[in-house]
Amino acid sequence: MTDALRLLLVLPFVAAAVVHAEGRVLTLADAQRIALEKHPKISVAQLKALASKEAVKQAHSAFLPQVSTNVGAVVGARDDTRLVSNSLQVSSVFDRASASLNVSQLITDFGRSASLQQSAQLKAGADEQNIAATRAQVWLQVDAAYVAALQAQSLLHVAEETVKTRKLLSDQIATLAKNQLKSELDASFAEVNLQDAQLLLSKSQSDLQSAYATLAALLDEPNTRTYQLSESNSPNTLPADASLLIASALKDKPELARLRLEQQAAQAFAKAEKGLSKPTLSVQGATGVLPWHDKNLNENYAAAGLVLSWPLSTGGLNKARQQEADLKEKSAAAALRDEENNTTRDVRLAWLAAKNAQERVTITAQLLEQARRTLSLAQARYDAGSSSIVELSQSQLNVTTAEITHTSARYDSLLRRSVLDYTTGRMR
């Protein structure tokens, strides 16, 4: 086998090993899609919505014919059993075997069943909106985890560069100190700065692994340890005022849509409970055969008729049910008003936070640029022997702090925009 052939056979395995070492390639869009497909919270919401649709079918069944069958046999202890008592009605106790088919069809209950069906339909709609709300929550969690992982990656890069720069300076000063061109104090300061950078590197590595673990849990990939992430696009310009965002949130946010439907469902149910005191009119029919029967009974029978049922007194049960339904309707209306107020507040706060985050990106970029210029001057002064290691060390620390602050501000701006999109109902 030639060397070229061996190389061709080995290359796929080398490439796979490199990909595994570097981690799985994952874009934000891929992470969102995977989480929306696999997250158990969404499955729970979908199953509840399916259950609510079955409740609609249950409510609709009141309008359809109800059919049942009965099969039985009766044997009296004595022939005169049916005559033993005036208080206990046993006149129908004839020796017999019978089979019957019974049919009942509701004609009207003056709107109660229709109101129950409407209430069930509205509840099913509310559960559909709950799916959208749950998807938005998962979407936000994925956005936050992805941005946190990107931030951890960037901070790790800052830490690595800091260690590299300070190690180079520490080695240079140590060499100069050996040649008695710099003092041992300078070498000691440089070594302390290097160790401080190594502590930052260790923390950054741990933070990155924690961010990967959080992201993997959201994607239902607990065995994945690392990812190759891509930078998110810069967010659009913020509107000058939050009023349009508030109007959009009150109109589009799925949590509010769910509460509106729940309030309407409670209203329809309260209307249905008011119908408890109204009569119910139905047509009922029965037909059957008696293969074994008393000679005084016919071999088969059939009957049909209209049945009017009107509850005159239920011991306060119906009244209490009506009041309970009314109170639940008022509670649902109050919950809707409260959520509308909270949404208005949340959107305004999210807009302010996003605006401040944008401003912080600009300010921290200027701060970082100034810190780098100061470090350059401090390095030149130290190399010329006109300043101490303390000034140089402080300048290095200022640059590291400014880089961390600017990196955190950039990714915090992305996160604040995701939160703003969530509060305005744009995440679906």
# chains A, B, ... in the order shown; residues from 1 in each chain; ligands from 1
>>> residues_around(residues="segment 408-419 of chain A", least_positions_apart="5", cutoff="12 Å", atoms="only C-alpha atoms", output="count of residues only")
60
>>> residues_around(residues="Arg166 of chain A", least_positions_apart="4", cutoff="12 Å", atoms="only C-alpha atoms", output="list in words")
Ala159, Glu160, Glu161, Thr162, Ser170, Asp171, Gln172, Ile173, Ala174, Ala187, Phe189, Ala190, Glu191, Val192, Asn193, Leu194, Gln195, Asp196, Ala197, Gln198, Leu392, Ser393, Ser395, Gln396, Leu397, Val399 and Thr400 of chain A
>>> closest_residue(among="A:Asp326, A:Ser277, A:Val289, A:Thr214", to="Thr314 of chain A", atoms="only C-alpha atoms")
A:Ser277
>>> atom_distance(atom1="atom CA of Lys164 of chain A", atom2="atom CA of Gln379 of chain A")
16.0 Å
>>> residues_around(residues="Arg225 of chain A", least_positions_apart="5", cutoff="8 Å", atoms="only C-alpha atoms", output="list in words")
Gly23, Gln209, Tyr212, Ala213 and Ala216 of chain A
>>> write_last_selection(atoms="N, CA and C atoms", output="PDB file, in the first residue's frame")
ATOM      1  N   GLY A  23     -15.620  20.254  18.955  1.00  0.00           N
ATOM      2  CA  GLY A  23     -17.002  20.358  19.371  1.00  0.00           C
ATOM      3  C   GLY A  23     -17.957  20.416  18.176  1.00  0.00           C
ATOM      4  N   GLN A 209     -17.459  25.845  30.257  1.00  0.00           N
ATOM      5  CA  GLN A 209     -18.014  24.504  30.374  1.00  0.00           C
ATOM      6  C   GLN A 209     -19.412  24.540  31.003  1.00  0.00           C
ATOM      7  N   TYR A 212     -21.771  25.604  28.281  1.00  0.00           N
ATOM      8  CA  TYR A 212     -22.037  24.475  27.384  1.00  0.00           C
ATOM      9  C   TYR A 212     -23.036  23.494  28.011  1.00  0.00           C
ATOM     10  N   ALA A 213     -22.872  23.237  29.303  1.00  0.00           N
ATOM     11  CA  ALA A 213     -23.768  22.290  29.988  1.00  0.00           C
ATOM     12  C   ALA A 213     -25.203  22.817  29.995  1.00  0.00           C
ATOM     13  N   ALA A 216     -26.553  22.440  26.445  1.00  0.00           N
ATOM     14  CA  ALA A 216     -26.805  21.029  26.122  1.00  0.00           C
ATOM     15  C   ALA A 216     -28.079  20.526  26.787  1.00  0.00           C
TER      16      ALA A 216
END
>>> select_by_dssp(residues="segment 227-324 of chain A", states="alpha helix (DSSP H)", output="ChimeraX atom specification")
/A:243-252,254-274,317-324
>>> atom_distance(atom1="atom CA of Ala177 of chain A", atom2="atom CA of Ser388 of chain A")
14.1 Å
>>> select_by_dssp(residues="segment 181-426 of chain A", states="strand (DSSP E)", output="MDAnalysis selection string")
chainID A and resid 227:229 280:293 300:309
